[in-house]
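S.K.: coords.cif is reproduced below (mmCIF, C-alpha atoms).
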data_model
loop_
_atom_site.label_atom_id
_atom_site.label_comp_id
_atom_site.auth_asym_id
_atom_site.auth_seq_id
_atom_site.Cartn_x
_atom_site.Cartn_y
_atom_site.Cartn_z
CA MET A 1 1.95 -4.83 -23.67
CA PRO A 2 2.42 -1.38 -22.03
CA THR A 3 -0.43 -2.00 -19.57
CA GLU A 4 1.12 -5.29 -18.46
CA PHE A 5 4.48 -3.55 -17.95
CA LEU A 6 2.83 -0.82 -15.88
CA LEU A 7 0.98 -3.37 -13.72
CA VAL A 8 4.27 -5.16 -13.04
CA ALA A 9 5.88 -1.79 -12.25
CA PHE A 10 2.99 -1.01 -9.86
CA ALA A 11 3.52 -4.35 -8.10
CA GLY A 12 7.25 -3.66 -7.85
CA LEU A 13 6.74 -0.14 -6.50
CA MET A 14 4.23 -1.39 -3.91
CA THR A 15 6.67 -4.10 -2.86
CA GLY A 16 9.43 -1.51 -2.59
CA ALA A 17 7.24 0.70 -0.41
CA ALA A 18 6.41 -2.27 1.84
CA LEU A 19 10.08 -3.22 2.21
CA SER A 20 11.08 0.37 2.95
CA ASP A 21 8.41 0.59 5.64
CA ALA A 22 9.41 -2.77 7.13
CA VAL A 23 13.11 -1.89 7.31
CA ARG A 24 13.13 1.89 7.91
CA PHE A 25 9.55 2.72 8.98
CA ILE A 26 9.48 5.24 6.13
CA ILE A 27 7.54 5.21 2.87
CA PRO A 28 9.30 7.82 0.74
CA ASN A 29 7.13 10.57 -0.71
CA TRP A 30 8.74 10.12 -4.12
CA LEU A 31 7.61 6.48 -4.17
CA CYS A 32 3.98 7.41 -3.44
CA GLY A 33 4.28 10.14 -6.07
CA VAL A 34 5.57 7.76 -8.75
CA ILE A 35 2.76 5.31 -8.00
CA ALA A 36 0.14 8.06 -8.25
CA LEU A 37 1.65 9.74 -11.33
CA ALA A 38 1.99 6.45 -13.21
CA PHE A 39 -1.76 5.82 -12.97
CA PRO A 40 -2.79 8.22 -15.80
CA LEU A 41 -0.34 6.47 -18.13
CA ALA A 42 -1.79 3.09 -17.11
CA ALA A 43 -5.33 4.37 -17.66
CA LEU A 44 -4.34 5.70 -21.09
CA THR A 45 -2.71 2.43 -22.19
CA ALA A 46 -5.69 0.45 -20.89
CA GLY A 47 -8.06 2.57 -22.99
CA PHE A 48 -9.98 4.10 -20.09
CA GLY A 49 -12.48 6.80 -20.94
CA LEU A 50 -13.12 9.90 -18.89
CA GLU A 51 -15.87 8.26 -16.86
CA LEU A 52 -13.82 5.26 -15.75
CA SER A 53 -10.76 7.43 -15.11
CA GLY A 54 -12.96 9.75 -13.03
CA PHE A 55 -14.16 6.85 -10.90
CA HIS A 56 -10.54 5.86 -10.26
CA LEU A 57 -9.74 9.44 -9.26
CA LEU A 58 -12.77 9.46 -6.97
CA GLY A 59 -11.53 6.24 -5.34
CA GLY A 60 -8.09 7.75 -4.80
CA PHE A 61 -9.57 10.92 -3.31
CA LEU A 62 -11.83 9.00 -0.92
CA ALA A 63 -8.89 6.81 0.10
CA LEU A 64 -6.86 9.96 0.81
CA LEU A 65 -9.66 11.22 3.06
CA VAL A 66 -9.82 7.88 4.89
CA GLY A 67 -6.03 7.79 5.18
CA PHE A 68 -5.82 11.25 6.67
CA ALA A 69 -8.72 10.50 9.01
CA LEU A 70 -6.66 7.56 10.31
CA PHE A 71 -3.47 9.64 10.35
CA ALA A 72 -4.95 12.53 12.38
CA PRO A 73 -5.31 10.52 15.63
CA GLY A 74 -1.97 8.77 14.98
CA TRP A 75 -3.38 5.36 14.04
CA ILE A 76 -1.28 5.21 10.86
CA GLY A 77 1.64 7.22 9.54
CA GLY A 78 1.48 9.90 6.88
CA GLY A 79 3.33 7.69 4.40
CA ASP A 80 0.75 4.97 4.96
CA ALA A 81 -2.07 7.43 4.19
CA LYS A 82 -0.36 8.58 0.99
CA LEU A 83 0.46 5.02 -0.12
CA PHE A 84 -3.12 3.91 0.49
CA ALA A 85 -4.45 6.78 -1.65
CA ALA A 86 -1.90 6.22 -4.44
CA ALA A 87 -2.74 2.50 -4.57
CA ALA A 88 -6.48 3.26 -4.51
CA LEU A 89 -6.06 5.18 -7.78
CA TRP A 90 -5.06 1.89 -9.38
CA MET A 91 -7.91 -0.03 -7.74
CA GLY A 92 -10.70 2.27 -8.86
CA TRP A 93 -14.20 2.65 -7.52
CA PRO A 94 -15.51 -0.90 -8.03
CA ALA A 95 -12.48 -2.47 -6.32
CA LEU A 96 -12.11 0.15 -3.59
CA PHE A 97 -14.11 -1.72 -0.94
CA PRO A 98 -12.34 -5.06 -1.58
CA PHE A 99 -9.00 -3.17 -1.41
CA LEU A 100 -9.97 -1.68 1.94
CA LEU A 101 -11.17 -5.06 3.22
CA HIS A 102 -8.05 -6.89 2.01
CA THR A 103 -5.83 -4.22 3.57
CA VAL A 104 -7.64 -4.50 6.90
CA VAL A 105 -7.36 -8.31 6.87
CA ALA A 106 -3.65 -8.14 5.97
CA GLY A 107 -3.16 -5.51 8.67
CA GLY A 108 -4.84 -7.70 11.26
CA ILE A 109 -2.60 -10.62 10.34
CA LEU A 110 0.44 -8.31 10.44
CA VAL A 111 -0.43 -6.95 13.88
CA LEU A 112 -1.15 -10.41 15.32
CA GLY A 113 2.11 -11.72 13.87
CA LEU A 114 4.08 -8.81 15.31
CA LEU A 115 2.46 -9.29 18.72
CA VAL A 116 3.50 -12.94 18.76
CA LEU A 117 7.03 -12.19 17.55
CA ARG A 118 7.53 -9.17 19.80
CA HIS A 119 6.29 -10.82 22.98
CA GLY A 120 7.42 -14.36 22.32
CA ALA A 121 10.91 -15.79 22.28
CA PRO A 122 13.20 -13.79 20.01
CA LEU A 123 13.54 -15.77 16.81
CA ALA A 124 16.00 -13.58 14.99
CA ARG A 125 17.49 -10.26 15.90
CA VAL A 126 19.45 -7.85 13.77
CA PRO A 127 22.97 -7.44 15.17
CA ALA A 128 23.38 -4.36 17.35
CA GLY A 129 24.19 -1.22 15.42
CA TRP A 130 22.83 -2.34 12.05
CA LEU A 131 19.49 -0.60 12.46
CA LYS A 132 18.21 1.74 15.14
CA GLU A 133 14.98 -0.16 15.50
CA THR A 134 13.40 -3.19 13.87
CA ALA A 135 9.77 -4.16 13.41
CA LEU A 136 10.32 -6.95 15.95
CA ASP A 137 11.32 -4.59 18.76
CA ARG A 138 8.72 -4.03 21.45
CA GLY A 139 7.20 -0.59 21.12
CA ALA A 140 8.30 -0.20 17.50
CA PRO A 141 5.71 1.19 15.09
CA VAL A 142 3.72 -1.19 12.93
CA PRO A 143 4.96 -1.01 9.32
CA TYR A 144 1.43 -0.83 7.91
CA GLY A 145 2.82 -0.29 4.41
CA LEU A 146 3.19 -4.08 4.35
CA ALA A 147 -0.56 -4.49 4.80
CA ILE A 148 -1.37 -1.80 2.22
CA ALA A 149 0.88 -3.46 -0.36
CA ALA A 150 -0.58 -6.89 0.43
CA GLY A 151 -4.11 -5.49 0.10
CA ALA A 152 -3.27 -3.84 -3.22
CA LEU A 153 -1.65 -6.94 -4.71
CA TRP A 154 -4.49 -9.13 -3.42
CA THR A 155 -7.08 -6.83 -5.02
CA LEU A 156 -5.24 -6.07 -8.27
CA PRO A 157 -6.75 -9.01 -10.25
CA GLN A 158 -10.24 -7.57 -9.54
CA THR A 159 -9.49 -4.18 -11.10
CA ALA A 160 -10.46 -2.72 -14.46
CA LEU A 161 -6.76 -2.25 -15.23
CA PHE A 162 -6.13 -5.95 -14.81
CA ALA A 163 -9.21 -6.79 -16.89
CA ALA A 164 -7.81 -4.62 -19.70
CA ILE A 165 -4.86 -6.95 -20.36
#
Starting from the file, lay out its structure as structure tokens.

M.R.:
Amino acid sequence: MPTEFLLVAFAGLMTGAALSDAVRFIIPNWLCGVIALAFPLAALTAGFGLELSGFHLLGGFLALLVGFALFAPGWIGGGDAKLFAAAALWMGWPALFPFLLHTVVAGGILVLGLLVLRHGAPLARVPAGWLKETALDRGAPVPYGLAIAAGALWTLPQTALFAAI
């Protein structure tokens, strides 16, 4: 029961990060921290040993390196890099490549959708003054947290944590 609760909490936190990025272009540090710090509890309730937990930590560390390599030239934001690494902890080594692939596919769909919406006829605009900038504005950043969350939720059923329930 606790593992199921933690997986639902993970899904909720990832969704919250995606919504925050979509609306404010910010993924709060505390949210990435909660996702990362909840992993050891999930691993404990799932009955992970040191070896499997170590492979999950390795996946998170490698994802952090990839995230910062993409952040350095400005291709993604710092929050995106941290969210990707925090989510990778939950994916673990065996599911790391599918997570990366699913995130890239979701990101491609996101970017294509934004291109169509930004350069096509305006479908819906937020009334002036509500937000400084929206994801549909030309030149606005891409809220890649949406793709990271989609990739994580798409990959979650393939993880050792999911198999433990």

S.K.: Figure out the distance between atom CA of Ala147 of chain A and atom CA of Gly107 of chain A, please, to one decimal in Å.

M.R.: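 Going from atom CA of Gly107 of chain A over to atom CA of Ala147 of chain A covers 4.8 Å.
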
S.K.: State, in Å with one decimal place, the distance from atom CA of Gly59 of chain A to atom CA of Pro73 of chain A.

M.R.: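 Separation between atom CA of Gly59 of chain A and atom CA of Pro73 of chain A: 22.3 Å.
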
S.K.: For each of A:Leu31, A:Leu44, A:Leu100, A:Leu64, take the minimum atom-to-atom distance to Leu153 of chain A, counting all atoms listed in the file, then give the residue where this is smallest.

M.R.: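 Among A:Leu31, A:Leu44, A:Leu100, A:Leu64, it is A:Leu100 that comes nearest to Leu153 of chain A.
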
S.K.: For a test of reading the model, state the distance in Å between atom CA of Ala22 of chain A and atom CA of Leu57 of chain A, rounded to one decimal.

M.R.: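 Result for atom CA of Ala22 of chain A versus atom CA of Leu57 of chain A: 28.0 Å, one decimal.
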
S.K.: Tell me which residues the PyMOL selection byres ((chain A and resi 76) around 12) grabs here, as number ranges by chain.

M.R.: A: 21, 25-27, 66-75, 77-84, 107, 141-145, 147-148

S.K.: Convert the output of the PyMOL selection byres ((chain A and resi 32) around 9) on the shown file into explicit residues, formatted as a PyMOL selection string.

M.R.: chain A and resi 13-14+17+27-31+33-37+79+82-87

S.K.: Using all atoms listed in the file, which protein or nucleic acid residues come within 12 Å of Ile165 of chain A? Drop anything in the same chain fewer than 5 positions from it, and give the result as a list in words.

M.R.: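 Contacts, with the query itself left out: Met1, Pro2, Thr3, Glu4, Phe5, Leu6, Leu7, Val8, Ala42, Ala43, Thr45, Ala46, Gly47, Pro157, Thr159 and Ala160 of chain A.
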
S.K.: Select, from A:Ala152, A:Ala140, A:Leu161, A:Ala88, the residue with the minimum atom-to-atom distance to Ala106 of chain A, counting all atoms listed in the file.

M.R.: A:Ala152

S.K.: Kindly indicate which residue among A:Leu115, A:Ile109, A:Val104, A:Leu89 lies nearest to Phe10 of chain A, using only C-alpha atoms for the distances.

M.R.: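 Result for the nearest residue to Phe10 of chain A: A:Leu89.
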
S.K.: Expanded to explicit residues, what is the PyMOL selection byres ((chain A and resi 55) around 12) for this file, as a ChimeraX atom specification?

M.R.: /A:43,48-54,56-62,88-96,159-160
